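The structure file start-v3.tsv is reproduced below (TSV, C-alpha atoms (C1' of nucleotides)).
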chain	number	residue	atom	x	y	z
D	962	MET	CA	0.00	0.00	0.00
D	963	ALA	CA	1.38	3.33	-0.94
D	964	LYS	CA	-0.82	6.35	-1.47
D	965	GLN	CA	-4.37	6.18	-2.62
D	966	SER	CA	-4.84	9.89	-3.00
D	967	PRO	CA	-2.73	11.04	-5.92
D	968	SER	CA	-4.73	14.20	-5.85
D	969	ILE	CA	-8.23	13.90	-7.16
D	970	PRO	CA	-8.59	15.23	-10.69
D	971	ASP	CA	-10.81	18.22	-11.17
D	972	SER	CA	-13.48	16.34	-13.05
D	973	GLU	CA	-13.86	13.83	-10.26
D	974	LEU	CA	-13.93	16.64	-7.79
D	975	ASP	CA	-16.88	18.15	-9.59
D	976	VAL	CA	-18.76	14.91	-9.22
D	977	LEU	CA	-17.76	14.53	-5.62
D	978	LYS	CA	-19.02	17.99	-4.83
D	979	VAL	CA	-22.46	17.06	-5.99
D	980	LEU	CA	-22.42	14.10	-3.67
D	981	TRP	CA	-21.27	16.24	-0.79
D	982	ASP	CA	-24.09	18.66	-1.43
D	983	ARG	CA	-26.79	16.04	-1.76
D	984	GLY	CA	-25.43	13.39	0.52
D	985	ARG	CA	-25.65	10.71	-2.13
D	986	GLY	CA	-26.87	10.12	-5.65
D	987	THR	CA	-27.10	7.91	-8.70
D	988	VAL	CA	-25.32	8.57	-11.94
D	989	ARG	CA	-28.41	10.17	-13.36
D	990	GLU	CA	-28.95	12.35	-10.32
D	991	VAL	CA	-25.41	13.59	-10.36
D	992	LEU	CA	-25.63	14.27	-14.06
D	993	ASP	CA	-28.84	16.20	-13.67
D	994	ALA	CA	-27.46	18.19	-10.79
D	995	LEU	CA	-24.43	19.14	-12.81
D	996	LYS	CA	-26.53	20.14	-15.75
D	997	ALA	CA	-28.80	22.16	-13.52
D	998	ALA	CA	-25.75	23.94	-12.17
D	999	GLY	CA	-24.62	24.69	-15.69
D	1000	HIS	CA	-21.54	22.54	-15.42
D	1001	LEU	CA	-19.54	22.05	-18.61
D	1002	GLY	CA	-16.72	19.74	-19.56
D	1003	LYS	CA	-13.34	21.42	-19.68
D	1004	ILE	CA	-12.27	20.13	-23.07
D	1005	LYS	CA	-15.40	19.95	-25.12
D	1006	GLY	CA	-17.03	22.75	-23.25
D	1007	LYS	CA	-20.38	21.04	-23.19
D	1008	PRO	CA	-22.36	19.11	-20.59
D	1009	TRP	CA	-21.04	15.69	-19.83
D	1010	SER	CA	-22.72	12.58	-21.08
D	1011	TYR	CA	-24.20	9.99	-18.78
D	1012	ALA	CA	-21.24	7.73	-19.50
D	1013	THR	CA	-18.76	10.34	-18.43
D	1014	VAL	CA	-20.35	10.76	-15.06
D	1015	ALA	CA	-20.55	7.01	-14.67
D	1016	THR	CA	-16.85	6.68	-15.41
D	1017	LEU	CA	-16.00	9.41	-12.98
D	1018	LEU	CA	-18.02	7.83	-10.21
D	1019	ASP	CA	-16.36	4.57	-10.99
D	1020	ARG	CA	-12.93	6.06	-10.71
D	1021	LEU	CA	-13.88	7.74	-7.47
D	1022	GLU	CA	-14.94	4.40	-6.15
D	1023	GLN	CA	-11.66	2.86	-7.19
D	1024	ARG	CA	-9.91	5.57	-5.25
D	1025	GLY	CA	-12.02	4.69	-2.30
D	1026	LEU	CA	-13.61	8.12	-2.12
D	1027	VAL	CA	-17.16	7.02	-2.63
D	1028	SER	CA	-18.95	3.76	-2.03
D	1029	SER	CA	-21.80	2.37	-4.02
D	1030	ASP	CA	-24.84	0.57	-2.90
D	1031	ARG	CA	-27.33	-0.95	-5.26
D	1032	ARG	CA	-30.91	-0.07	-4.62
D	1033	GLU	CA	-33.78	-0.69	-6.92
D	1034	LEU	CA	-32.44	-0.23	-10.38
D	1035	ALA	CA	-29.43	1.91	-9.97
D	1036	PHE	CA	-26.35	2.22	-7.85
D	1037	VAL	CA	-26.43	4.92	-5.28
D	1038	TYR	CA	-23.08	6.51	-4.56
D	1039	THR	CA	-22.13	7.99	-1.23
D	1040	PRO	CA	-18.96	9.88	-0.43
D	1041	THR	CA	-16.65	8.24	2.05
D	1042	VAL	CA	-14.42	11.25	2.49
D	1043	ALA	CA	-15.42	14.58	3.89
D	1044	GLU	CA	-15.05	17.73	1.90
D	1045	GLN	CA	-12.91	18.91	4.79
D	1046	ASP	CA	-10.35	16.24	4.17
D	1047	VAL	CA	-10.08	16.86	0.49
D	1048	ARG	CA	-9.74	20.54	1.13
D	1049	ARG	CA	-7.05	19.93	3.67
D	1050	GLU	CA	-5.13	17.73	1.32
D	1051	ARG	CA	-5.33	20.28	-1.44
D	1052	ILE	CA	-4.25	23.11	0.75
D	1053	GLY	CA	-1.40	21.07	2.06
D	1054	HIS	CA	-0.24	20.38	-1.43
D	1055	LEU	CA	-0.48	23.97	-2.49
D	1056	VAL	CA	1.35	25.17	0.57
D	1057	ASP	CA	4.10	22.65	0.07
D	1058	LYS	CA	4.47	23.38	-3.60
D	1059	LEU	CA	4.26	27.14	-3.60
D	1060	TYR	CA	4.57	28.42	-0.05
D	1061	GLU	CA	7.50	26.51	1.33
D	1062	GLY	CA	5.21	24.64	3.63
D	1063	GLU	CA	4.22	27.84	5.42
D	1064	PRO	CA	0.46	28.25	5.60
D	1065	GLY	CA	1.08	31.70	7.01
D	1066	LEU	CA	2.54	32.85	3.73
D	1067	LEU	CA	-0.53	31.66	1.90
D	1068	VAL	CA	-2.76	33.54	4.28
D	1069	LEU	CA	-0.73	36.67	3.80
D	1070	HIS	CA	-1.00	36.38	0.07
D	1071	LEU	CA	-4.68	35.80	0.20
D	1072	LEU	CA	-5.19	38.86	2.30
D	1073	GLN	CA	-2.97	40.99	0.13
D	1074	GLN	CA	-4.22	39.91	-3.22
D	1075	HIS	CA	-7.76	38.83	-2.84
D	1076	ARG	CA	-10.15	41.19	-1.23
D	1077	LEU	CA	-12.32	39.19	1.06
D	1078	ALA	CA	-15.86	39.82	2.03
D	1079	PRO	CA	-15.99	42.02	5.14
D	1080	GLU	CA	-17.76	39.44	7.18
D	1081	HIS	CA	-14.98	37.00	6.48
D	1082	ALA	CA	-12.40	39.55	7.44
D	1083	LYS	CA	-14.18	40.03	10.72
D	1084	GLU	CA	-14.31	36.33	11.41
D	1085	VAL	CA	-10.70	36.03	10.56
D	1086	ARG	CA	-9.72	38.67	13.08
D	1087	ALA	CA	-11.81	37.08	15.77
D	1088	LEU	CA	-10.40	33.68	15.09
D	1089	LEU	CA	-6.89	34.99	15.11
D	1090	GLU	CA	-7.31	36.59	18.48
D	1091	ARG	CA	-8.71	33.43	19.89
D	1092	LEU	CA	-5.80	31.42	18.60
D	1093	ASP	CA	-3.44	34.03	19.88
D	1094	ALA	CA	-4.79	33.84	23.37
D	1095	GLU	CA	-4.63	30.08	23.37
D	1096	SER	CA	-1.12	29.69	22.16
D	1097	GLU	CA	0.25	32.43	24.34
D	1098	PRO	CA	1.81	31.35	27.59
D	1099	PRO	CA	-0.45	32.50	30.44
D	1100	ALA	CA	1.98	35.37	30.99
D	1101	ARG	CA	2.41	34.18	34.55
D	1102	GLY	CA	4.95	36.29	36.34
P	38	MET	CA	-5.67	37.12	-23.76
P	39	ALA	CA	-7.36	34.07	-22.41
P	40	LYS	CA	-5.42	31.32	-20.70
P	41	GLN	CA	-2.40	29.62	-22.04
P	42	SER	CA	-1.70	27.91	-18.77
P	43	PRO	CA	-3.78	24.77	-18.39
P	44	SER	CA	-2.34	24.57	-14.93
P	45	ILE	CA	1.33	23.79	-14.76
P	46	PRO	CA	1.99	20.21	-13.72
P	47	ASP	CA	3.74	19.68	-10.43
P	48	SER	CA	6.92	18.41	-11.98
P	49	GLU	CA	7.30	21.49	-14.10
P	50	LEU	CA	6.57	23.61	-11.11
P	51	ASP	CA	9.45	22.03	-9.27
P	52	VAL	CA	11.76	23.01	-12.07
P	53	LEU	CA	10.33	26.48	-12.28
P	54	LYS	CA	10.90	27.00	-8.60
P	55	VAL	CA	14.57	26.40	-9.01
P	56	LEU	CA	14.67	29.04	-11.69
P	57	TRP	CA	12.79	31.48	-9.53
P	58	ASP	CA	15.24	30.90	-6.72
P	59	ARG	CA	18.34	31.23	-8.82
P	60	GLY	CA	17.14	33.61	-11.44
P	61	ARG	CA	18.15	31.34	-14.28
P	62	GLY	CA	19.95	28.10	-14.98
P	63	THR	CA	20.96	25.39	-17.37
P	64	VAL	CA	19.58	21.88	-17.35
P	65	ARG	CA	22.51	20.68	-15.34
P	66	GLU	CA	22.27	23.48	-12.83
P	67	VAL	CA	18.61	22.86	-12.26
P	68	LEU	CA	19.25	19.17	-11.92
P	69	ASP	CA	22.00	19.71	-9.41
P	70	ALA	CA	19.93	22.16	-7.44
P	71	LEU	CA	17.10	19.67	-7.25
P	72	LYS	CA	19.41	16.91	-6.16
P	73	ALA	CA	20.97	19.15	-3.56
P	74	ALA	CA	17.52	19.89	-2.26
P	75	GLY	CA	16.78	16.20	-2.05
P	76	HIS	CA	14.10	16.33	-4.68
P	77	LEU	CA	12.69	12.98	-5.82
P	78	GLY	CA	10.47	11.96	-8.70
P	79	LYS	CA	6.92	11.21	-7.66
P	80	ILE	CA	6.60	7.89	-9.44
P	81	LYS	CA	9.97	6.28	-9.26
P	82	GLY	CA	10.82	8.01	-6.05
P	83	LYS	CA	14.34	8.70	-7.11
P	84	PRO	CA	16.20	11.76	-8.39
P	85	TRP	CA	15.35	12.75	-11.91
P	86	SER	CA	17.69	12.07	-14.76
P	87	TYR	CA	19.23	14.83	-16.79
P	88	ALA	CA	16.82	14.03	-19.62
P	89	THR	CA	13.80	14.46	-17.42
P	90	VAL	CA	14.82	17.94	-16.39
P	91	ALA	CA	15.57	18.78	-20.01
P	92	THR	CA	12.12	17.62	-21.05
P	93	LEU	CA	10.48	19.59	-18.31
P	94	LEU	CA	12.32	22.76	-19.23
P	95	ASP	CA	11.36	22.17	-22.81
P	96	ARG	CA	7.71	21.83	-21.93
P	97	LEU	CA	7.91	24.94	-19.79
P	98	GLU	CA	9.29	26.79	-22.76
P	99	GLN	CA	6.47	25.50	-24.95
P	100	ARG	CA	4.06	26.86	-22.42
P	101	GLY	CA	5.82	30.16	-22.61
P	102	LEU	CA	6.80	30.14	-18.96
P	103	VAL	CA	10.53	30.22	-19.48
P	104	SER	CA	12.72	31.41	-22.29
P	105	SER	CA	16.02	29.96	-23.33
P	106	ASP	CA	19.13	31.66	-24.43
P	107	ARG	CA	22.15	29.81	-25.67
P	108	ARG	CA	25.43	30.81	-24.12
P	109	GLU	CA	28.66	28.98	-24.38
P	110	LEU	CA	27.78	25.35	-24.45
P	111	ALA	CA	24.42	25.14	-22.90
P	112	PHE	CA	21.06	26.80	-23.00
P	113	VAL	CA	20.30	29.01	-20.10
P	114	TYR	CA	16.67	29.13	-19.08
P	115	THR	CA	15.02	32.11	-17.50
P	116	PRO	CA	11.51	32.28	-16.13
P	117	THR	CA	9.16	34.63	-17.91
P	118	VAL	CA	6.42	34.42	-15.33
P	119	ALA	CA	6.63	35.55	-11.76
P	120	GLU	CA	6.08	33.15	-8.93
P	121	GLN	CA	3.37	35.58	-7.86
P	122	ASP	CA	1.37	34.94	-10.96
P	123	VAL	CA	1.53	31.22	-10.74
P	124	ARG	CA	0.59	31.36	-7.11
P	125	ARG	CA	-2.34	33.57	-7.89
P	126	GLU	CA	-3.56	31.27	-10.59
P	127	ARG	CA	-3.33	28.27	-8.32
P	128	ILE	CA	-5.08	29.94	-5.49
P	129	GLY	CA	-7.80	31.08	-7.79
P	130	HIS	CA	-8.33	27.57	-8.98
P	131	LEU	CA	-8.41	26.14	-5.50
P	132	VAL	CA	-10.81	28.77	-4.30
P	133	ASP	CA	-13.10	28.21	-7.23
P	134	LYS	CA	-13.03	24.46	-6.95
P	135	LEU	CA	-13.32	24.04	-3.22
P	136	TYR	CA	-14.28	27.32	-1.64
P	137	GLU	CA	-17.12	28.55	-3.81
P	138	GLY	CA	-14.96	31.37	-5.02
P	139	GLU	CA	-14.66	32.84	-1.54
P	140	PRO	CA	-11.06	33.47	-0.57
P	141	GLY	CA	-12.29	34.33	2.90
P	142	LEU	CA	-13.40	30.78	3.46
P	143	LEU	CA	-9.99	29.54	2.51
P	144	VAL	CA	-8.36	31.91	4.97
P	145	LEU	CA	-10.66	30.76	7.70
P	146	HIS	CA	-9.85	27.16	7.00
P	147	LEU	CA	-6.18	27.82	6.97
P	148	LEU	CA	-6.33	29.51	10.31
P	149	GLN	CA	-8.48	26.82	11.82
P	150	GLN	CA	-6.65	23.83	10.55
P	151	HIS	CA	-3.09	24.75	9.96
P	152	ARG	CA	-1.19	26.26	12.81
P	153	LEU	CA	0.84	29.10	11.45
P	154	ALA	CA	4.14	30.36	12.67
P	155	PRO	CA	3.63	33.08	15.28
P	156	GLU	CA	5.40	35.69	13.24
P	157	HIS	CA	3.05	35.04	10.39
P	158	ALA	CA	0.08	35.30	12.69
P	159	LYS	CA	1.37	38.65	13.80
P	160	GLU	CA	1.82	39.88	10.28
P	161	VAL	CA	-1.60	38.68	9.40
P	162	ARG	CA	-3.15	40.62	12.21
P	163	ALA	CA	-1.25	43.74	11.27
P	164	LEU	CA	-2.20	43.41	7.64
P	165	LEU	CA	-5.80	42.87	8.52
P	166	GLU	CA	-5.92	45.99	10.63
P	167	ARG	CA	-4.38	47.99	7.88
P	168	LEU	CA	-6.91	46.75	5.37
P	169	ASP	CA	-9.62	47.40	7.87
P	170	ALA	CA	-8.57	50.98	8.38
P	171	GLU	CA	-8.34	51.58	4.68
P	172	SER	CA	-11.74	50.31	3.79
P	173	GLU	CA	-13.37	52.00	6.75
P	174	PRO	CA	-14.55	55.56	6.46
P	175	PRO	CA	-12.02	57.76	8.25
P	176	ALA	CA	-14.29	58.00	11.29
P	177	ARG	CA	-12.01	60.71	12.63
P	178	GLY	CA	-13.61	62.67	15.32
F	822	DC	C1'	43.61	12.69	-33.86
F	823	DG	C1'	41.17	9.88	-30.21
F	824	DT	C1'	38.74	9.79	-26.25
F	825	DA	C1'	36.14	11.46	-22.44
F	826	DT	C1'	32.57	15.06	-21.52
F	827	DC	C1'	28.69	17.57	-21.70
F	828	DC	C1'	24.96	19.24	-24.43
F	829	DT	C1'	20.78	18.92	-27.52
F	830	DA	C1'	17.30	16.50	-30.35
F	831	DA	C1'	13.98	13.13	-30.93
F	832	DG	C1'	11.19	9.94	-29.50
F	833	DA	C1'	9.57	6.10	-26.69
F	834	DC	C1'	6.44	4.35	-23.25
F	835	DA	C1'	3.36	3.70	-19.45
F	836	DC	C1'	-0.09	5.78	-16.79
F	837	DT	C1'	-3.65	9.38	-15.96
F	838	DT	C1'	-7.40	12.31	-17.34
F	839	DG	C1'	-11.30	13.81	-20.02
F	840	DT	C1'	-14.86	12.06	-22.66
F	841	DC	C1'	-17.69	8.94	-24.91
F	842	DC	C1'	-19.92	4.66	-27.57
F	843	DC	C1'	-22.17	0.48	-27.54
F	844	DA	C1'	-23.87	-4.05	-26.29
F	845	DG	C1'	-26.54	-6.14	-22.91
F	846	DA	C1'	-29.27	-7.00	-18.53
F	847	DA	C1'	-33.42	-5.72	-15.67
F	848	DG	C1'	-37.66	-3.97	-15.09
F	849	DG	C1'	-42.12	-1.92	-16.77
F	850	DT	C1'	-46.08	-1.83	-20.32
F	851	DC	C1'	-49.73	-3.53	-23.29
T	781	DG	C1'	-43.92	-11.98	-25.63
T	782	DA	C1'	-42.39	-7.81	-28.07
T	783	DC	C1'	-40.94	-3.24	-26.77
T	784	DC	C1'	-39.31	0.59	-24.36
T	785	DT	C1'	-36.50	2.73	-20.83
T	786	DT	C1'	-32.79	2.98	-17.75
T	787	DC	C1'	-28.73	0.88	-15.95
T	788	DT	C1'	-24.34	-1.41	-15.95
T	789	DG	C1'	-20.09	-3.12	-18.03
T	790	DG	C1'	-16.44	-2.91	-20.92
T	791	DG	C1'	-14.03	-0.89	-23.81
T	792	DA	C1'	-12.00	3.03	-26.69
T	793	DC	C1'	-9.28	6.97	-27.62
T	794	DA	C1'	-6.89	11.43	-27.67
T	795	DA	C1'	-4.20	14.47	-24.61
T	796	DG	C1'	-1.52	15.29	-20.86
T	797	DT	C1'	2.16	13.78	-17.50
T	798	DG	C1'	6.19	11.45	-15.62
T	799	DT	C1'	10.36	9.49	-16.88
T	800	DC	C1'	13.91	7.79	-19.62
T	801	DT	C1'	16.92	6.01	-23.80
T	802	DT	C1'	19.43	6.69	-27.61
T	803	DA	C1'	21.86	9.06	-31.18
T	804	DG	C1'	24.59	12.61	-32.35
T	805	DG	C1'	27.00	17.36	-32.14
T	806	DA	C1'	30.39	20.33	-29.85
T	807	DT	C1'	34.31	20.98	-26.47
T	808	DA	C1'	38.35	19.79	-23.97
T	809	DC	C1'	42.80	17.46	-23.41
T	810	DG	C1'	46.70	14.71	-24.05

Take the structure from the file and write it as structure tokens.
Amino acid sequence: MAKQSPSIPDSELDVLKVLWDRGRGTVREVLDALKAAGHLGKIKGKPWSYATVATLLDRLEQRGLVSSDRRELAFVYTPTVAEQDVRRERIGHLVDKLYEGEPGLLVLHLLQQHRLAPEHAKEVRALLERLDAESEPPARG
Amino acid sequence: MAKQSPSIPDSELDVLKVLWDRGRGTVREVLDALKAAGHLGKIKGKPWSYATVATLLDRLEQRGLVSSDRRELAFVYTPTVAEQDVRRERIGHLVDKLYEGEPGLLVLHLLQQHRLAPEHAKEVRALLERLDAESEPPARG
DNA sequence: CGTATCCTAAGACACTTGTCCCAGAAGGTC
DNA sequence: GACCTTCTGGGACAAGTGTCTTAGGATACG
């Protein structure tokens, strides 16, 4: 056993997101959800075919990221990883690749180059203070 | 101008980073730098061969991300994109794919799940206050 | 000149990704 | 039972990536 998460491809991620949003779904349901959301393939620039979604779900299952369960006619797929985890993995990768493993640098860049919604900025400040207080030694004299 | 960068592959990024660090370099220099840094291929898990680095530099040139200039014996490669830009592109992608286009959410996640070095935390707080002050009406009284 | 070096060019090759077609099986309908 | 409809299964195939081999040109050195 080596590594089963060679970074999920974008297309599979799109499928996975639908499952995260809905909890579970069949090929057809995922396809419809994507269409409803106006999703388009990155190469052909048009909505995926049923087969494409099926393949993607299949590959996700091979990666162990979703599990399938046959009910009635169709397989129902359920994610076995949390969005959290995938996000964490992606961030980790990005930070390692482009920010020398320093999440702080990424944060700085985000703040400098991407204007965030004010409510997020507020939350960020609050969170930061909380963390600050925690990590600080109880300044005991 | 649309997008000529269908996301740089990781391997090419590794090469590009060396060029960013050193300003420029030949195949051999990049190779040596990577070896010195203990870099290993992701599939074979061993240091790249000269040819691999050459291929990667070549592909980078095809993408228009580095330019080559023959001096003496060897080609010298120089990056034509700034690390900044690549970082921005990557972040944008990540934010779009996993954070509904909200950089603020990413920041929040980073702060919650990745402990950052205290000096970065400090900088972040400072930066945030500055931004805050700027965007706020100069409530001077 | 002959040989050891180092460089480039060209391409090979396996695996991954993006995308889809088609032949059947399973179930419903009259 | 003959027919749809919807699913699954099993490829297929072009591009993109990761990695290397091989052949050959230029340089350097005795």

Cα-based least-squares overlay of chain D on chain P, as a compact mmCIF listing (two decimals) with C-alpha atoms, in the frame of the given file:
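And here's part09.txt as it stands now:
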# COMPACT_ATOMS: atom_id res chain seq x y z
CA MET D 962 -5.53 32.71 -28.37
CA ALA D 963 -7.26 31.16 -25.46
CA LYS D 964 -5.47 30.37 -22.23
CA GLN D 965 -1.83 29.56 -22.00
CA SER D 966 -1.86 28.66 -18.35
CA PRO D 967 -3.79 25.43 -17.96
CA SER D 968 -2.28 25.19 -14.55
CA ILE D 969 1.34 24.24 -14.47
CA PRO D 970 1.88 20.60 -13.60
CA ASP D 971 3.69 19.86 -10.39
CA SER D 972 6.79 18.52 -12.07
CA GLU D 973 7.22 21.68 -14.08
CA LEU D 974 6.63 23.69 -10.98
CA ASP D 975 9.51 21.94 -9.29
CA VAL D 976 11.78 22.95 -12.11
CA LEU D 977 10.47 26.47 -12.14
CA LYS D 978 11.13 26.83 -8.45
CA VAL D 979 14.77 26.12 -8.98
CA LEU D 980 14.90 28.85 -11.56
CA TRP D 981 13.16 31.26 -9.25
CA ASP D 982 15.66 30.50 -6.53
CA ARG D 983 18.72 30.81 -8.71
CA GLY D 984 17.52 33.34 -11.21
CA ARG D 985 18.40 31.16 -14.16
CA GLY D 986 20.06 27.88 -15.03
CA THR D 987 20.93 25.24 -17.57
CA VAL D 988 19.43 21.79 -17.65
CA ARG D 989 22.40 20.41 -15.80
CA GLU D 990 22.29 23.12 -13.16
CA VAL D 991 18.63 22.59 -12.51
CA LEU D 992 19.15 18.87 -12.32
CA ASP D 993 21.99 19.23 -9.87
CA ALA D 994 20.04 21.64 -7.75
CA LEU D 995 17.14 19.25 -7.57
CA LYS D 996 19.37 16.38 -6.67
CA ALA D 997 21.08 18.46 -4.03
CA ALA D 998 17.68 19.26 -2.58
CA GLY D 999 16.84 15.59 -2.51
CA HIS D 1000 14.08 15.92 -5.06
CA LEU D 1001 12.53 12.69 -6.30
CA GLY D 1002 10.18 11.86 -9.13
CA LYS D 1003 6.63 11.20 -8.03
CA ILE D 1004 6.12 7.97 -9.93
CA LYS D 1005 9.45 6.24 -9.90
CA GLY D 1006 10.45 7.80 -6.64
CA LYS D 1007 13.99 8.40 -7.78
CA PRO D 1008 15.93 11.42 -9.00
CA TRP D 1009 15.04 12.58 -12.45
CA SER D 1010 17.28 11.96 -15.40
CA TYR D 1011 18.86 14.75 -17.38
CA ALA D 1012 16.35 14.13 -20.15
CA THR D 1013 13.42 14.58 -17.85
CA VAL D 1014 14.56 17.97 -16.72
CA ALA D 1015 15.25 18.94 -20.30
CA THR D 1016 11.74 17.95 -21.31
CA LEU D 1017 10.25 19.85 -18.44
CA LEU D 1018 12.17 22.99 -19.28
CA ASP D 1019 11.09 22.58 -22.84
CA ARG D 1020 7.47 22.34 -21.89
CA LEU D 1021 7.82 25.35 -19.65
CA GLU D 1022 9.20 27.25 -22.56
CA GLN D 1023 6.30 26.18 -24.73
CA ARG D 1024 3.99 27.53 -22.09
CA GLY D 1025 5.87 30.75 -22.21
CA LEU D 1026 6.93 30.54 -18.58
CA VAL D 1027 10.63 30.51 -19.17
CA SER D 1028 12.80 31.75 -21.99
CA SER D 1029 16.01 30.24 -23.18
CA ASP D 1030 19.14 31.87 -24.31
CA ARG D 1031 22.06 29.99 -25.73
CA ARG D 1032 25.39 30.79 -24.21
CA GLU D 1033 28.55 28.86 -24.68
CA LEU D 1034 27.53 25.27 -24.92
CA ALA D 1035 24.22 25.10 -23.25
CA PHE D 1036 20.92 26.88 -23.14
CA VAL D 1037 20.34 29.00 -20.13
CA TYR D 1038 16.74 29.19 -19.00
CA THR D 1039 15.23 32.16 -17.25
CA PRO D 1040 11.76 32.39 -15.79
CA THR D 1041 9.46 34.89 -17.41
CA VAL D 1042 6.78 34.67 -14.76
CA ALA D 1043 7.14 35.63 -11.15
CA GLU D 1044 6.54 33.16 -8.40
CA GLN D 1045 3.96 35.64 -7.19
CA ASP D 1046 1.89 35.22 -10.29
CA VAL D 1047 1.92 31.48 -10.23
CA ARG D 1048 0.99 31.52 -6.60
CA ARG D 1049 -1.84 33.89 -7.27
CA GLU D 1050 -3.16 31.75 -10.04
CA ARG D 1051 -3.03 28.66 -7.90
CA ILE D 1052 -4.74 30.29 -5.00
CA GLY D 1053 -7.39 31.65 -7.26
CA HIS D 1054 -8.06 28.22 -8.60
CA LEU D 1055 -8.22 26.65 -5.20
CA VAL D 1056 -10.52 29.33 -3.89
CA ASP D 1057 -12.81 28.99 -6.86
CA LYS D 1058 -12.89 25.23 -6.71
CA LEU D 1059 -13.22 24.68 -3.00
CA TYR D 1060 -14.09 27.95 -1.30
CA GLU D 1061 -16.85 29.35 -3.44
CA GLY D 1062 -14.57 32.10 -4.60
CA GLU D 1063 -14.24 33.46 -1.06
CA PRO D 1064 -10.62 33.89 -0.05
CA GLY D 1065 -11.88 34.70 3.42
CA LEU D 1066 -13.13 31.17 3.87
CA LEU D 1067 -9.74 29.81 2.93
CA VAL D 1068 -8.07 32.06 5.45
CA LEU D 1069 -10.47 30.94 8.13
CA HIS D 1070 -9.76 27.33 7.37
CA LEU D 1071 -6.07 27.86 7.40
CA LEU D 1072 -6.23 29.50 10.76
CA GLN D 1073 -8.49 26.85 12.20
CA GLN D 1074 -6.75 23.83 10.88
CA HIS D 1075 -3.15 24.66 10.43
CA ARG D 1076 -1.31 26.09 13.34
CA LEU D 1077 0.87 28.83 12.04
CA ALA D 1078 4.16 29.99 13.34
CA PRO D 1079 3.64 32.73 15.94
CA GLU D 1080 5.53 35.28 13.98
CA HIS D 1081 3.22 34.73 11.06
CA ALA D 1082 0.21 35.07 13.28
CA LYS D 1083 1.55 38.38 14.48
CA GLU D 1084 2.13 39.63 10.98
CA VAL D 1085 -1.29 38.53 10.00
CA ARG D 1086 -2.90 40.53 12.77
CA ALA D 1087 -0.90 43.60 11.92
CA LEU D 1088 -1.73 43.33 8.28
CA LEU D 1089 -5.37 42.85 9.01
CA GLU D 1090 -5.55 45.96 11.10
CA ARG D 1091 -3.87 47.95 8.43
CA LEU D 1092 -6.31 46.74 5.83
CA ASP D 1093 -9.14 47.40 8.18
CA ALA D 1094 -8.15 50.98 8.69
CA GLU D 1095 -7.77 51.54 4.99
CA SER D 1096 -11.04 50.11 3.89
CA GLU D 1097 -13.02 51.72 6.65
CA PRO D 1098 -14.74 54.96 5.80
CA PRO D 1099 -12.99 57.78 7.67
CA ALA D 1100 -15.85 57.68 10.17
CA ARG D 1101 -16.48 61.33 9.43
CA GLY D 1102 -19.47 62.56 11.34

Of the candidates F:DG832, F:DG839, F:DG845, F:DG823, which one gets nearest to chain D if we count only C-alpha atoms (C1' of nucleotides)?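 Ranked by minimum distance to chain D, first place goes to F:DG839.
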
Between D:Ala1035, D:Gly1025, D:Ala1012, D:Glu1044, smallest distance to DC842 of chain F by all atoms listed in the file belongs to D:Ala1012

Residue with the minimum atom-to-atom distance to chain D, picked from P:Arg65, P:Arg124, P:Lys79, P:Arg108 with all atoms listed in the file counted, is P:Arg124

Expressed in Å, the length from atom CA of Val976 of chain D to atom C1' of DA795 of chain T is 21.2 Å

Per residue of chain D within 10 Å of chain F, which atom pair is closest and at what distance in Å (one decimal), using all atoms listed in the file, listed by chain and increasing number, as a tab-separated table?
residue	atom	partner	partner_atom	distance
D:Pro970	CA	F:DT838	C1'	7.4
D:Asp971	CA	F:DT838	C1'	9.2
D:Ser972	CA	F:DG839	C1'	7.7
D:Glu973	CA	F:DT838	C1'	9.7
D:Gly1002	CA	F:DG839	C1'	8.0
D:Lys1003	CA	F:DG839	C1'	7.9
D:Ile1004	CA	F:DG839	C1'	7.1
D:Lys1005	CA	F:DT840	C1'	8.3
D:Trp1009	CA	F:DT840	C1'	7.7
D:Ser1010	CA	F:DC841	C1'	7.3
D:Tyr1011	CA	F:DC841	C1'	9.0
D:Ala1012	CA	F:DC841	C1'	6.6
D:Thr1013	CA	F:DT840	C1'	6.0
D:Val1014	CA	F:DT840	C1'	9.5
D:Thr1016	CA	F:DT840	C1'	9.2
D:Leu1017	CA	F:DG839	C1'	9.5
D:Glu1033	CA	F:DG848	C1'	9.6
D:Leu1034	CA	F:DA847	C1'	7.7

**Message:** One decimal, in Å: what's the spacing between atom CA of Leu1066 of chain D and atom CA of Ile969 of chain D?
**Reply:**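 We find that atom CA of Leu1066 of chain D and atom CA of Ile969 of chain D lie 24.4 Å from each other.
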
- Query: Got a sec to check which residues sit within 12 Å of (-26.9, 15.4, -5.6), counting all atoms listed in the file, and write them as a PyMOL selection string?
  - Reply: chain D and resi 975-998+1037-1040

Can you tell me how far atom CA of Gln149 of chain P sits from atom CA of Leu1055 of chain D, in Å to one decimal?
->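 According to the coordinates, atom CA of Gln149 of chain P and atom CA of Leu1055 of chain D are separated by 16.6 Å.
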
For Leu168 of chain P, work out the shell of residues within 12 Å, counting only C-alpha atoms (C1' of nucleotides) and skipping chain neighbours fewer than 4 positions away, then give it as JSON, numbers by chain.
{"D": [1069, 1072, 1073, 1074, 1075, 1076, 1077, 1078, 1079, 1082, 1083, 1086], "P": [161, 162, 163, 164, 172, 173, 174]}

From the list T:DG796, T:DG804, T:DG789, T:DG810, the nearest residue to chain P using only C-alpha atoms (C1' of nucleotides) is T:DG796

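With all atoms listed in the file as the atoms that count, the minimum distance from Asp1046 of chain D to the choices P:Leu135, P:Leu94, P:Leu165, P:Val103 is reached by P:Leu135.
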